[in-house]
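Everything below concerns the one structure shown next.
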Amino acid sequence: MTQPVALISHSDCGRHDTGWEHPEHVGRLVAIPRALKHEPDLFAALQHVEGRHATEDELALAHDRAYIARVRDTVAAGGGRLDPDTVVSAGSWDAVTAGAGCVLDGVDMAFDGRARRSFAAVRPPGHHALRDRAMGFCCFGNVAIAAHYALTRHGCERVLIVDWDVHHGNGTQALVEYEPRIHFVSMHQWPWYPGTGAADDRGPFGTVWNVPMPPSLPATRYVDALLQGVDAATDGFTPDLVLISAGFDCLEGDPLGAFTLTLDDVQTLTRAMVERADRWCDGRVVSALEGGYAPAAVAKAVMVHLAALA
């Protein structure tokens, strides 16, 4: 019997109040269920899951405990700035632990048979967060935590992370590059924020495949480059789990990027990852929302992404 794809979310992700003038505002998340109301067949095909909160021990799989405490204490004091770009509010602790927890739920579901594939509609994003500090709207590395969790909780031997956000996943790389059982592929605009992700940066164990790309190329160039990176990263390395950092700021017209991908390209990339995962690891794919700062476009992309996962 075909297992439904899980759409995992948590209402607490909306409690991360950055203000409407901030690019990473709650409207990015609100747009997704609004769009899903107009897709009744897709809505019915999904397993709708209220995720859980990650524990501090789970966050510590990738982050220093002193930093975890600093985020918690800053939130408890009413909020503030963790870095020039990263704002927290009084509700942000519940949001950041829910965001990570939803992705961990996806990993659990992939291995216990409830849903081999899932998408976590969460915020704030995570792929810039470093071990001991926030960066680029990100507090905790949701996908990096999930990769370490899969190794420790589910006994995975190999995990692949694929990041197609327009910005380099510098935080994810920093959090996984010393673990040889995790391979990381990031396609990103270059030169662009955060200024990392050179092609010759392969990490200390050669487990990183950075695919820096100039802006405004034909979309097929980006699709082909990412899939070539994925195939290189899995040459002789068959993952037990595929994690996707699904940043939809790779879409044409996003205010914080200059890639040219369309909804058809989102479908192509998603299907390509599903087909590979079917060969590699019984179809286990856990995807999580990263960037994307035109909410209506993000919501449309998520609809296409979910349909292709299904």
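Chain labels run A, B, ... following the order of the structure tokens; each chain numbers its residues from 1, and ligands are numbered from 1 in the order shown.
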
Please, which residues in stretch 154-185 of chain A fall within 9 Å of stretch 192-198 of chain A when counting only C-alpha atoms, and what is the closest atom pair and distance in Å to one decimal for each, ordered by chain then residue number, as a Markdown table?
```
| residue | atom | partner | partner_atom | distance |
| --- | --- | --- | --- | --- |
| A:Val166 | CA | A:Trp192 | CA | 8.8 |
| A:His167 | CA | A:Tyr193 | CA | 6.1 |
| A:His168 | CA | A:Gly197 | CA | 5.8 |
| A:Gly169 | CA | A:Gly197 | CA | 7.8 |
| A:Asn170 | CA | A:Thr196 | CA | 6.5 |
| A:Gln173 | CA | A:Gly197 | CA | 8.9 |
```

Computed gap from atom CA of A:His22 to atom CA of A:Asp85 is 8.8 Å

Run DSSP on the backbone and tell me which residues of stretch 28-107 of chain A come out as strand (DSSP E); list them as a VMD selection string.
chain A and resid 47 to 50 79 to 81 87 to 89

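With atom CA of A:Thr260 on one side and atom CA of A:Leu217 on the other, the separation reads 6.8 Å.
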
Counting only C-alpha atoms, what is within 8 Å of stretch 236-249 of chain A, bar same-chain residues fewer than 3 positions away, as a VMD selection string?
chain A and resid 127 143 147 156 to 166 233 252 254 to 257 259 277 280 to 281 284 to 294 298 301

Atom CA of A:Val223 and atom CA of A:Ala199 are how many Å apart?
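Interatomic distance here is 16.6 Å.
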
Mind checking DSSP for stretch 69-228 of chain A and telling me the helix (DSSP H, G or I) residues as an mmCIF file with N, CA and C atoms, in the first residue's frame?
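Dumped everything to result_4.cif:
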```
data_model
loop_
_atom_site.group_PDB
_atom_site.id
_atom_site.type_symbol
_atom_site.label_atom_id
_atom_site.label_comp_id
_atom_site.auth_asym_id
_atom_site.auth_seq_id
_atom_site.Cartn_x
_atom_site.Cartn_y
_atom_site.Cartn_z
ATOM 1 N N ALA A 69 21.526 27.701 25.463
ATOM 2 C CA ALA A 69 21.053 28.439 26.637
ATOM 3 C C ALA A 69 20.933 29.931 26.333
ATOM 4 N N ARG A 70 21.845 30.471 25.524
ATOM 5 C CA ARG A 70 21.784 31.903 25.201
ATOM 6 C C ARG A 70 20.540 32.226 24.392
ATOM 7 N N VAL A 71 20.192 31.363 23.437
ATOM 8 C CA VAL A 71 18.961 31.581 22.667
ATOM 9 C C VAL A 71 17.751 31.520 23.592
ATOM 10 N N ARG A 72 17.715 30.500 24.434
ATOM 11 C CA ARG A 72 16.580 30.339 25.359
ATOM 12 C C ARG A 72 16.457 31.534 26.291
ATOM 13 N N ASP A 73 17.581 31.997 26.808
ATOM 14 C CA ASP A 73 17.542 33.101 27.765
ATOM 15 C C ASP A 73 17.189 34.423 27.094
ATOM 16 N N THR A 74 17.656 34.620 25.862
ATOM 17 C CA THR A 74 17.303 35.842 25.134
ATOM 18 C C THR A 74 15.804 35.898 24.873
ATOM 19 N N VAL A 75 15.250 34.757 24.502
ATOM 20 C CA VAL A 75 13.804 34.691 24.281
ATOM 21 C C VAL A 75 13.057 34.935 25.589
ATOM 22 N N ALA A 76 13.519 34.297 26.670
ATOM 23 C CA ALA A 76 12.851 34.447 27.959
ATOM 24 C C ALA A 76 12.862 35.893 28.443
ATOM 25 N N SER A 92 9.721 32.846 20.360
ATOM 26 C CA SER A 92 10.640 32.196 19.424
ATOM 27 C C SER A 92 11.206 30.870 19.935
ATOM 28 N N TRP A 93 11.345 30.691 21.247
ATOM 29 C CA TRP A 93 11.868 29.405 21.730
ATOM 30 C C TRP A 93 10.937 28.266 21.325
ATOM 31 N N ASP A 94 9.628 28.482 21.504
ATOM 32 C CA ASP A 94 8.678 27.459 21.082
ATOM 33 C C ASP A 94 8.746 27.237 19.577
ATOM 34 N N ALA A 95 8.996 28.312 18.824
ATOM 35 C CA ALA A 95 9.064 28.192 17.372
ATOM 36 C C ALA A 95 10.302 27.418 16.930
ATOM 37 N N VAL A 96 11.463 27.762 17.490
ATOM 38 C CA VAL A 96 12.691 27.117 17.016
ATOM 39 C C VAL A 96 12.750 25.656 17.433
ATOM 40 N N THR A 97 12.232 25.325 18.612
ATOM 41 C CA THR A 97 12.225 23.920 19.007
ATOM 42 C C THR A 97 11.179 23.136 18.228
ATOM 43 N N ALA A 98 10.074 23.785 17.872
ATOM 44 C CA ALA A 98 9.079 23.116 17.032
ATOM 45 C C ALA A 98 9.615 22.903 15.621
ATOM 46 N N GLY A 99 10.331 23.897 15.091
ATOM 47 C CA GLY A 99 10.884 23.754 13.747
ATOM 48 C C GLY A 99 11.814 22.573 13.650
ATOM 49 N N ALA A 100 12.732 22.461 14.606
ATOM 50 C CA ALA A 100 13.643 21.313 14.606
ATOM 51 C C ALA A 100 12.889 20.019 14.866
ATOM 52 N N GLY A 101 11.940 20.062 15.790
ATOM 53 C CA GLY A 101 11.198 18.851 16.129
ATOM 54 C C GLY A 101 10.386 18.299 14.977
ATOM 55 N N CYS A 102 9.826 19.169 14.160
ATOM 56 C CA CYS A 102 9.056 18.696 12.999
ATOM 57 C C CYS A 102 9.951 17.910 12.042
ATOM 58 N N VAL A 103 11.177 18.381 11.833
ATOM 59 C CA VAL A 103 12.086 17.675 10.933
ATOM 60 C C VAL A 103 12.497 16.334 11.551
ATOM 61 N N LEU A 104 12.708 16.308 12.852
ATOM 62 C CA LEU A 104 13.026 15.046 13.520
ATOM 63 C C LEU A 104 11.852 14.071 13.434
ATOM 64 N N ASP A 105 10.640 14.589 13.533
ATOM 65 C CA ASP A 105 9.468 13.729 13.331
ATOM 66 C C ASP A 105 9.480 13.105 11.940
ATOM 67 N N GLY A 106 9.865 13.890 10.941
ATOM 68 C CA GLY A 106 9.951 13.354 9.591
ATOM 69 C C GLY A 106 10.926 12.201 9.498
ATOM 70 N N VAL A 107 12.066 12.329 10.193
ATOM 71 C CA VAL A 107 13.046 11.250 10.205
ATOM 72 C C VAL A 107 12.454 10.010 10.874
ATOM 73 N N ASP A 108 11.805 10.197 12.020
ATOM 74 C CA ASP A 108 11.184 9.059 12.702
ATOM 75 C C ASP A 108 10.170 8.364 11.809
ATOM 76 N N MET A 109 9.341 9.139 11.137
ATOM 77 C CA MET A 109 8.303 8.569 10.289
ATOM 78 C C MET A 109 8.888 7.819 9.103
ATOM 79 N N ALA A 110 10.010 8.315 8.587
ATOM 80 C CA ALA A 110 10.652 7.650 7.455
ATOM 81 C C ALA A 110 11.136 6.261 7.832
ATOM 82 N N PHE A 111 11.537 6.085 9.093
ATOM 83 C CA PHE A 111 12.092 4.799 9.512
ATOM 84 C C PHE A 111 11.092 3.888 10.203
ATOM 85 N N ASP A 112 10.028 4.444 10.773
ATOM 86 C CA ASP A 112 9.072 3.555 11.458
ATOM 87 C C ASP A 112 7.896 3.160 10.567
ATOM 88 N N ASN A 142 18.177 22.981 11.558
ATOM 89 C CA ASN A 142 17.155 21.936 11.578
ATOM 90 C C ASN A 142 17.586 20.681 10.829
ATOM 91 N N VAL A 143 18.078 20.861 9.618
ATOM 92 C CA VAL A 143 18.430 19.705 8.781
ATOM 93 C C VAL A 143 19.712 19.041 9.279
ATOM 94 N N ALA A 144 20.683 19.836 9.705
ATOM 95 C CA ALA A 144 21.917 19.252 10.245
ATOM 96 C C ALA A 144 21.623 18.449 11.512
ATOM 97 N N ILE A 145 20.784 18.983 12.386
ATOM 98 C CA ILE A 145 20.382 18.234 13.582
ATOM 99 C C ILE A 145 19.737 16.921 13.178
ATOM 100 N N ALA A 146 18.853 16.971 12.162
ATOM 101 C CA ALA A 146 18.165 15.767 11.715
ATOM 102 C C ALA A 146 19.140 14.724 11.179
ATOM 103 N N ALA A 147 20.191 15.171 10.503
ATOM 104 C CA ALA A 147 21.178 14.222 9.979
ATOM 105 C C ALA A 147 21.887 13.504 11.115
ATOM 106 N N HIS A 148 22.326 14.248 12.126
ATOM 107 C CA HIS A 148 22.988 13.619 13.275
ATOM 108 C C HIS A 148 22.009 12.728 14.042
ATOM 109 N N TYR A 149 20.772 13.154 14.131
ATOM 110 C CA TYR A 149 19.729 12.364 14.803
ATOM 111 C C TYR A 149 19.522 11.029 14.091
ATOM 112 N N ALA A 150 19.507 11.054 12.764
ATOM 113 C CA ALA A 150 19.332 9.805 12.012
ATOM 114 C C ALA A 150 20.467 8.828 12.294
ATOM 115 N N LEU A 151 21.679 9.353 12.430
ATOM 116 C CA LEU A 151 22.827 8.493 12.728
ATOM 117 C C LEU A 151 22.736 7.900 14.128
ATOM 118 N N THR A 152 22.354 8.731 15.099
ATOM 119 C CA THR A 152 22.386 8.284 16.490
ATOM 120 C C THR A 152 21.117 7.546 16.904
ATOM 121 N N ARG A 153 19.969 7.999 16.440
ATOM 122 C CA ARG A 153 18.693 7.416 16.876
ATOM 123 C C ARG A 153 18.285 6.212 16.037
ATOM 124 N N ASN A 170 26.012 27.413 4.628
ATOM 125 C CA ASN A 170 27.281 27.418 5.366
ATOM 126 C C ASN A 170 27.154 26.798 6.746
ATOM 127 N N GLY A 171 26.007 27.032 7.395
ATOM 128 C CA GLY A 171 25.806 26.460 8.711
ATOM 129 C C GLY A 171 25.703 24.951 8.652
ATOM 130 N N THR A 172 24.904 24.453 7.718
ATOM 131 C CA THR A 172 24.793 23.004 7.572
ATOM 132 C C THR A 172 26.157 22.388 7.307
ATOM 133 N N GLN A 173 26.913 22.982 6.387
ATOM 134 C CA GLN A 173 28.244 22.447 6.108
ATOM 135 C C GLN A 173 29.087 22.403 7.373
ATOM 136 N N ALA A 174 29.107 23.500 8.125
ATOM 137 C CA ALA A 174 29.936 23.553 9.326
ATOM 138 C C ALA A 174 29.508 22.516 10.360
ATOM 139 N N LEU A 175 28.213 22.205 10.398
ATOM 140 C CA LEU A 175 27.688 21.293 11.410
ATOM 141 C C LEU A 175 27.816 19.823 11.025
ATOM 142 N N VAL A 176 28.105 19.539 9.754
ATOM 143 C CA VAL A 176 28.177 18.122 9.344
ATOM 144 C C VAL A 176 29.512 17.731 8.726
ATOM 145 N N ALA A 219 17.372 28.261 -16.495
ATOM 146 C CA ALA A 219 17.066 27.421 -15.342
ATOM 147 C C ALA A 219 17.638 26.017 -15.468
ATOM 148 N N THR A 220 17.687 25.491 -16.673
ATOM 149 C CA THR A 220 18.197 24.126 -16.841
ATOM 150 C C THR A 220 19.652 24.004 -16.395
ATOM 151 N N ARG A 221 20.400 25.095 -16.460
ATOM 152 C CA ARG A 221 21.791 25.058 -16.008
ATOM 153 C C ARG A 221 21.861 24.766 -14.509
ATOM 154 N N TYR A 222 20.948 25.340 -13.756
ATOM 155 C CA TYR A 222 20.939 25.113 -12.311
ATOM 156 C C TYR A 222 20.495 23.680 -11.989
ATOM 157 N N VAL A 223 19.451 23.233 -12.656
ATOM 158 C CA VAL A 223 18.962 21.872 -12.421
ATOM 159 C C VAL A 223 20.055 20.854 -12.725
ATOM 160 N N ASP A 224 20.672 20.997 -13.882
ATOM 161 C CA ASP A 224 21.705 20.042 -14.284
ATOM 162 C C ASP A 224 22.897 20.074 -13.328
ATOM 163 N N ALA A 225 23.296 21.269 -12.916
ATOM 164 C CA ALA A 225 24.462 21.390 -12.029
ATOM 165 C C ALA A 225 24.200 20.742 -10.678
ATOM 166 N N LEU A 226 23.003 20.954 -10.131
ATOM 167 C CA LEU A 226 22.700 20.354 -8.836
ATOM 168 C C LEU A 226 22.680 18.835 -8.935
ATOM 169 N N LEU A 227 22.029 18.298 -9.945
ATOM 170 C CA LEU A 227 21.924 16.841 -10.051
ATOM 171 C C LEU A 227 23.290 16.213 -10.333
ATOM 172 N N GLN A 228 24.146 16.921 -11.054
ATOM 173 C CA GLN A 228 25.512 16.424 -11.236
ATOM 174 C C GLN A 228 26.240 16.373 -9.888
#
```

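With distances restricted to only C-alpha atoms, A:Arg117 is the closest residue to A:Glu275 from A:His183, A:His154, A:Arg117, A:Arg123.
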
With a cut-off of 12 Å, could you pull out the residues of stretch 73-174 of chain A touching stretch 24-37 of chain A and give me the nearest pair of atoms for each, distance in Å to one decimal, using only C-alpha atoms, ordered by chain and ascending number, as a tab-separated table?
```
residue	atom	partner	partner_atom	distance
A:Asp85	CA	A:Glu24	CA	9.7
A:Thr86	CA	A:Glu24	CA	9.2
A:Val87	CA	A:Glu24	CA	9.5
A:Val88	CA	A:Glu24	CA	11.3
A:Ser89	CA	A:His25	CA	11.9
A:Ser92	CA	A:Val26	CA	11.6
A:Ala95	CA	A:Val26	CA	11.0
A:Gly99	CA	A:Leu29	CA	11.7
A:Phe119	CA	A:Ile32	CA	11.8
A:Ala120	CA	A:Leu29	CA	10.8
A:Ala121	CA	A:Leu29	CA	7.0
A:Val122	CA	A:Leu29	CA	7.1
A:Arg123	CA	A:Leu29	CA	7.3
A:Pro124	CA	A:Glu24	CA	7.4
A:Pro125	CA	A:Glu24	CA	8.6
A:Gly126	CA	A:Glu24	CA	11.8
A:Gly136	CA	A:Glu24	CA	9.7
A:Phe137	CA	A:Glu24	CA	6.9
A:Cys138	CA	A:Glu24	CA	9.7
```

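If only C-alpha atoms are the atoms counted, then among A:Asp83, A:Asp264, A:Asp282, A:Asp235 the closest residue to A:Ala307 is A:Asp264.
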